Amino acid sequence: MKDIPEKRCVISPSNAFWLHYLSLEKSLLEISEYIAINKDNYQCYSFKNMQMFFAVCSEIDSIFKHIQRNVYSDITGVENLNIVKNIAMLREIFPLVNETSITTNIDGSVIEFKPFEELFSDYVQNNSKNKEKPRSWWQQYNDVKHQRLDNFSKANLKNLLESLSALHVLNLIYALSLEPELVENYETVLIQASVNRQYPILQLTNSGVRSYAGGGSGFYAGFLTNECLPEYRDRNI
């Protein structure tokens with residue numbers, strides 16, 4: 001990636017998934033008025049956290065289905081897909097997102113997540129049924145969803161931030177999946193989103209704001225590989 005990349009994927013300003021994601025970020029900002037977004041407060045939980053945790057994970061389930069349809073045009077039974085099948089799809093088509101890092105700095109504390117790292121690697125083999133069961137923030141979401149009285153504390157800030165980070169990554173993958181010719185070499189594609197409405201508060205690590213020569217809209221942009229391209233920062237592309 002020594003040269004300015006020719007391959008770009010631009011998220012449409014009317015992309016309903018991206019607009020909903022930005023709306024969820026606004027909800028996180030509301031939470032930050034009461035709970036500082038830093039590691040000291042990772043275990044803080046509340047009904048507001050739980051409501052947002054449910055909303056984020058529900059959106060994750062929905063966007064996964066659309067990605068599956070886009071990358072497997074002949075897929076059937078998409079409504080019956082589960083997290084194991086969804087992670088299997090990522091491992092096959094977008095394996096490098098295992099290392100994709102998301103950074104945020106809302107309250108003066110830089111926090112970084114690799115939201116799919118555990119979902120890719122932390123599997124439990126069930127020999128009797130020959131199935132794999134993923135754990136981590138997604139499993140804790142299910143714990144809260146199905147056994148709330150026993151697991152309310154799992155609706156905490158850490159799980160919320162990790163799930164929202166995962167949704168951020170999935171929005172970028174969804175945009176890529178709309179352009180099949182970009183999927184094969186997705187790691188080389190610069191993904192852009194207009195920042196006219198809102199600059200995302202969760203961002204790909206080593207991403208930045210870029211503008212086109214001669215003016216025009218600004219863009220939040222980065223690579224799923226977190227490729228650091230300092231020569232592109234603070235310059236026109």
# chains A, B, ... in the order shown; residues from 1 in each chain; ligands from 1
call {"tool": "residues_around", "arguments": {"residues": "stretch 188-205 of chain A", "least_positions_apart": "6", "cutoff": "6 Å", "atoms": "only C-alpha atoms", "output": "number ranges by chain"}}
result
A: 7-11, 101-104, 218-223, 226
call {"tool": "residues_around", "arguments": {"residues": "stretch 70-79 of chain A", "least_positions_apart": "5", "cutoff": "9 Å", "atoms": "only C-alpha atoms", "output": "NGL selection string"}}
result
:A and (65 or 89 or 93 or 174 or 177-180 or 183)
call {"tool": "select_by_dssp", "arguments": {"residues": "stretch 52-166 of chain A", "states": "strand (DSSP E or B)", "output": "ChimeraX atom specification"}}
result
/A:102-104,111-113,123-126,131-134,156
call {"tool": "write_last_selection", "arguments": {"atoms": "N, CA and C atoms", "output": "mmCIF file, in the first residue's frame"}}
result
data_model
loop_
_atom_site.group_PDB
_atom_site.id
_atom_site.type_symbol
_atom_site.label_atom_id
_atom_site.label_comp_id
_atom_site.auth_asym_id
_atom_site.auth_seq_id
_atom_site.Cartn_x
_atom_site.Cartn_y
_atom_site.Cartn_z
ATOM 1 N N ILE A 102 -10.940 -0.988 16.894
ATOM 2 C CA ILE A 102 -11.767 0.216 16.968
ATOM 3 C C ILE A 102 -11.329 1.036 18.175
ATOM 4 N N THR A 103 -11.211 2.341 17.984
ATOM 5 C CA THR A 103 -10.748 3.236 19.042
ATOM 6 C C THR A 103 -11.799 4.306 19.319
ATOM 7 N N THR A 104 -11.912 4.685 20.581
ATOM 8 C CA THR A 104 -12.774 5.807 20.925
ATOM 9 C C THR A 104 -12.125 6.626 22.032
ATOM 10 N N ILE A 111 -9.717 4.349 24.408
ATOM 11 C CA ILE A 111 -10.059 2.944 24.601
ATOM 12 C C ILE A 111 -10.021 2.262 23.242
ATOM 13 N N GLU A 112 -9.474 1.061 23.219
ATOM 14 C CA GLU A 112 -9.338 0.328 21.963
ATOM 15 C C GLU A 112 -9.914 -1.075 22.117
ATOM 16 N N PHE A 113 -10.634 -1.519 21.097
ATOM 17 C CA PHE A 113 -11.263 -2.837 21.119
ATOM 18 C C PHE A 113 -10.939 -3.597 19.840
ATOM 19 N N TYR A 123 -13.788 -20.466 20.978
ATOM 20 C CA TYR A 123 -14.883 -21.377 20.702
ATOM 21 C C TYR A 123 -14.822 -22.563 21.652
ATOM 22 N N VAL A 124 -15.976 -23.072 21.990
ATOM 23 C CA VAL A 124 -16.074 -24.266 22.824
ATOM 24 C C VAL A 124 -16.607 -25.393 21.947
ATOM 25 N N GLN A 125 -15.845 -26.447 21.807
ATOM 26 C CA GLN A 125 -16.265 -27.568 20.979
ATOM 27 C C GLN A 125 -17.215 -28.476 21.758
ATOM 28 N N ASN A 126 -18.413 -28.651 21.205
ATOM 29 C CA ASN A 126 -19.396 -29.544 21.814
ATOM 30 C C ASN A 126 -19.325 -30.877 21.067
ATOM 31 N N LYS A 131 -20.767 -29.188 17.362
ATOM 32 C CA LYS A 131 -21.009 -27.777 17.054
ATOM 33 C C LYS A 131 -20.069 -26.919 17.881
ATOM 34 N N GLU A 132 -19.860 -25.706 17.400
ATOM 35 C CA GLU A 132 -19.042 -24.750 18.137
ATOM 36 C C GLU A 132 -19.927 -23.659 18.706
ATOM 37 N N LYS A 133 -19.652 -23.286 19.929
ATOM 38 C CA LYS A 133 -20.458 -22.272 20.587
ATOM 39 C C LYS A 133 -19.578 -21.095 20.973
ATOM 40 N N PRO A 134 -19.780 -19.926 20.358
ATOM 41 C CA PRO A 134 -18.958 -18.766 20.688
ATOM 42 C C PRO A 134 -19.363 -18.151 22.021
ATOM 43 N N ASN A 156 -23.242 -4.280 31.001
ATOM 44 C CA ASN A 156 -22.311 -3.277 31.501
ATOM 45 C C ASN A 156 -21.675 -2.480 30.363
#
call {"tool": "residues_around", "arguments": {"residues": "stretch 145-152 of chain A", "least_positions_apart": "5", "cutoff": "12 Å", "atoms": "only C-alpha atoms", "output": "compact mmCIF listing (two decimals) with N, CA and C atoms, in the first residue's frame"}}
result
# COMPACT_ATOMS: atom_id res chain seq x y z
N GLN A 43 -17.49 -1.99 34.43
CA GLN A 43 -18.48 -2.89 35.04
C GLN A 43 -19.77 -2.18 35.45
N CYS A 44 -19.88 -0.89 35.13
CA CYS A 44 -21.12 -0.16 35.43
C CYS A 44 -22.26 -0.67 34.54
N TYR A 45 -23.40 -0.91 35.14
CA TYR A 45 -24.54 -1.40 34.37
C TYR A 45 -25.79 -0.64 34.80
N SER A 46 -26.78 -0.62 33.91
CA SER A 46 -28.01 0.12 34.18
C SER A 46 -29.07 -0.33 33.18
N PHE A 47 -30.30 0.11 33.42
CA PHE A 47 -31.36 -0.20 32.46
C PHE A 47 -31.09 0.47 31.11
N LYS A 48 -30.54 1.68 31.14
CA LYS A 48 -30.22 2.37 29.89
C LYS A 48 -29.16 1.59 29.11
N ASN A 49 -28.14 1.11 29.82
CA ASN A 49 -27.13 0.27 29.17
C ASN A 49 -27.77 -0.96 28.54
N MET A 50 -28.65 -1.59 29.31
CA MET A 50 -29.29 -2.82 28.84
C MET A 50 -30.13 -2.55 27.58
N GLN A 51 -30.90 -1.47 27.60
CA GLN A 51 -31.72 -1.13 26.43
C GLN A 51 -30.87 -0.93 25.20
N PHE A 53 -27.72 -2.05 24.76
CA PHE A 53 -27.07 -3.33 24.48
C PHE A 53 -27.98 -4.21 23.63
N PHE A 54 -29.25 -4.28 24.00
CA PHE A 54 -30.22 -5.05 23.22
C PHE A 54 -30.38 -4.47 21.82
N ALA A 55 -30.48 -3.16 21.72
CA ALA A 55 -30.68 -2.52 20.42
C ALA A 55 -29.49 -2.77 19.50
N CYS A 57 -27.20 -5.26 19.65
CA CYS A 57 -27.07 -6.67 19.27
C CYS A 57 -28.19 -7.10 18.32
N SER A 58 -29.36 -6.53 18.47
CA SER A 58 -30.43 -6.80 17.52
C SER A 58 -30.06 -6.29 16.13
N TRP A 138 -21.14 -11.41 22.97
CA TRP A 138 -22.39 -11.90 22.36
C TRP A 138 -23.08 -12.91 23.27
N GLN A 139 -22.30 -13.80 23.85
CA GLN A 139 -22.88 -14.77 24.77
C GLN A 139 -23.45 -14.07 26.00
N GLN A 140 -22.77 -13.03 26.47
CA GLN A 140 -23.27 -12.30 27.63
C GLN A 140 -24.55 -11.54 27.28
N LEU A 157 -20.93 -1.47 30.74
CA LEU A 157 -20.34 -0.56 29.76
C LEU A 157 -19.38 -1.28 28.83
N ASN A 159 -19.31 -4.46 27.75
CA ASN A 159 -20.03 -5.23 26.74
C ASN A 159 -20.73 -4.33 25.74
call {"tool": "atom_distance", "arguments": {"atom1": "atom CA of A:Ser32", "atom2": "atom CA of A:Ser136"}}
result
23.3 Å
call {"tool": "select_by_dssp", "arguments": {"residues": "stretch 75-113 of chain A", "states": "alpha helix (DSSP H)", "output": "CSV table (one decimal) with all heavy atoms, in the first residue's frame"}}
result
chain,number,residue,atom,x,y,z
A,83,ILE,N,-25.2,-17.0,15.4
A,83,ILE,CA,-23.9,-16.3,15.5
A,83,ILE,C,-22.7,-17.2,15.0
A,83,ILE,O,-21.7,-16.8,14.4
A,83,ILE,CB,-23.6,-15.8,16.9
A,83,ILE,CG1,-22.4,-14.9,17.0
A,83,ILE,CG2,-23.5,-17.0,17.9
A,83,ILE,CD1,-22.6,-13.6,16.3
A,84,VAL,N,-22.9,-18.5,15.2
A,84,VAL,CA,-21.8,-19.4,14.8
A,84,VAL,C,-21.7,-19.4,13.3
A,84,VAL,O,-20.5,-19.3,12.7
A,84,VAL,CB,-22.1,-20.9,15.3
A,84,VAL,CG1,-21.1,-21.9,14.7
A,84,VAL,CG2,-22.1,-21.0,16.8
A,85,LYS,N,-22.8,-19.4,12.6
A,85,LYS,CA,-22.7,-19.4,11.1
A,85,LYS,C,-22.3,-18.0,10.6
A,85,LYS,O,-21.6,-17.9,9.6
A,85,LYS,CB,-24.1,-19.7,10.5
A,85,LYS,CG,-24.5,-21.2,10.8
A,85,LYS,CD,-25.9,-21.4,10.2
A,85,LYS,CE,-26.3,-22.9,10.5
A,85,LYS,NZ,-27.7,-23.2,10.1
A,86,ASN,N,-22.6,-17.0,11.3
A,86,ASN,CA,-22.2,-15.6,10.9
A,86,ASN,C,-20.7,-15.5,11.1
A,86,ASN,O,-20.0,-14.9,10.2
A,86,ASN,CB,-23.0,-14.6,11.7
A,86,ASN,CG,-24.4,-14.5,11.3
A,86,ASN,OD1,-24.8,-14.7,10.1
A,86,ASN,ND2,-25.3,-14.2,12.3
A,87,ILE,N,-20.2,-15.9,12.2
A,87,ILE,CA,-18.7,-15.8,12.4
A,87,ILE,C,-18.0,-16.7,11.4
A,87,ILE,O,-16.9,-16.4,10.9
A,87,ILE,CB,-18.4,-16.2,13.9
A,87,ILE,CG1,-19.0,-15.2,14.8
A,87,ILE,CG2,-16.9,-16.3,14.1
A,87,ILE,CD1,-18.6,-13.8,14.6
A,88,ALA,N,-18.6,-17.9,11.1
A,88,ALA,CA,-18.0,-18.7,10.1
A,88,ALA,C,-17.9,-18.0,8.7
A,88,ALA,O,-16.9,-18.1,8.0
A,88,ALA,CB,-18.8,-20.0,9.9
A,89,MET,N,-18.9,-17.2,8.4
A,89,MET,CA,-18.9,-16.4,7.2
A,89,MET,C,-17.7,-15.4,7.2
A,89,MET,O,-17.0,-15.2,6.3
A,89,MET,CB,-20.2,-15.8,7.0
A,89,MET,CG,-20.3,-14.9,5.7
A,89,MET,SD,-19.8,-13.1,6.0
A,89,MET,CE,-21.1,-12.6,7.2
A,90,LEU,N,-17.6,-14.7,8.3
A,90,LEU,CA,-16.5,-13.7,8.5
A,90,LEU,C,-15.2,-14.4,8.4
A,90,LEU,O,-14.3,-13.9,7.7
A,90,LEU,CB,-16.6,-13.0,9.8
A,90,LEU,CG,-17.8,-12.0,10.0
A,90,LEU,CD1,-17.7,-11.3,11.3
A,90,LEU,CD2,-17.8,-11.0,8.9
A,91,ARG,N,-15.0,-15.6,9.0
A,91,ARG,CA,-13.7,-16.3,9.0
A,91,ARG,C,-13.4,-16.7,7.6
A,91,ARG,O,-12.2,-16.7,7.2
A,91,ARG,CB,-13.8,-17.5,9.9
A,91,ARG,CG,-13.9,-17.1,11.4
A,91,ARG,CD,-14.1,-18.3,12.3
A,91,ARG,NE,-12.8,-19.0,12.4
A,91,ARG,CZ,-12.7,-20.1,13.2
A,91,ARG,NH1,-13.8,-20.5,13.9
A,91,ARG,NH2,-11.6,-20.7,13.4
A,92,GLU,N,-14.4,-17.0,6.8
A,92,GLU,CA,-14.1,-17.4,5.4
A,92,GLU,C,-13.9,-16.2,4.4
A,92,GLU,O,-13.0,-16.3,3.6
A,92,GLU,CB,-15.3,-18.2,4.9
A,92,GLU,CG,-15.2,-18.7,3.4
A,92,GLU,CD,-16.4,-19.3,2.9
A,92,GLU,OE1,-17.4,-19.6,3.6
A,92,GLU,OE2,-16.4,-19.6,1.6
A,93,ILE,N,-14.7,-15.2,4.5
A,93,ILE,CA,-14.7,-14.1,3.5
A,93,ILE,C,-13.9,-12.9,4.0
A,93,ILE,O,-13.2,-12.3,3.2
A,93,ILE,CB,-16.1,-13.7,3.2
A,93,ILE,CG1,-17.0,-14.9,2.8
A,93,ILE,CG2,-16.1,-12.6,2.1
A,93,ILE,CD1,-16.6,-15.6,1.6
call {"tool": "closest_residue", "arguments": {"among": "A:Pro13, A:Ile37, A:Leu224, A:Glu118", "to": "A:Ile106", "atoms": "only C-alpha atoms"}}
result
A:Ile37
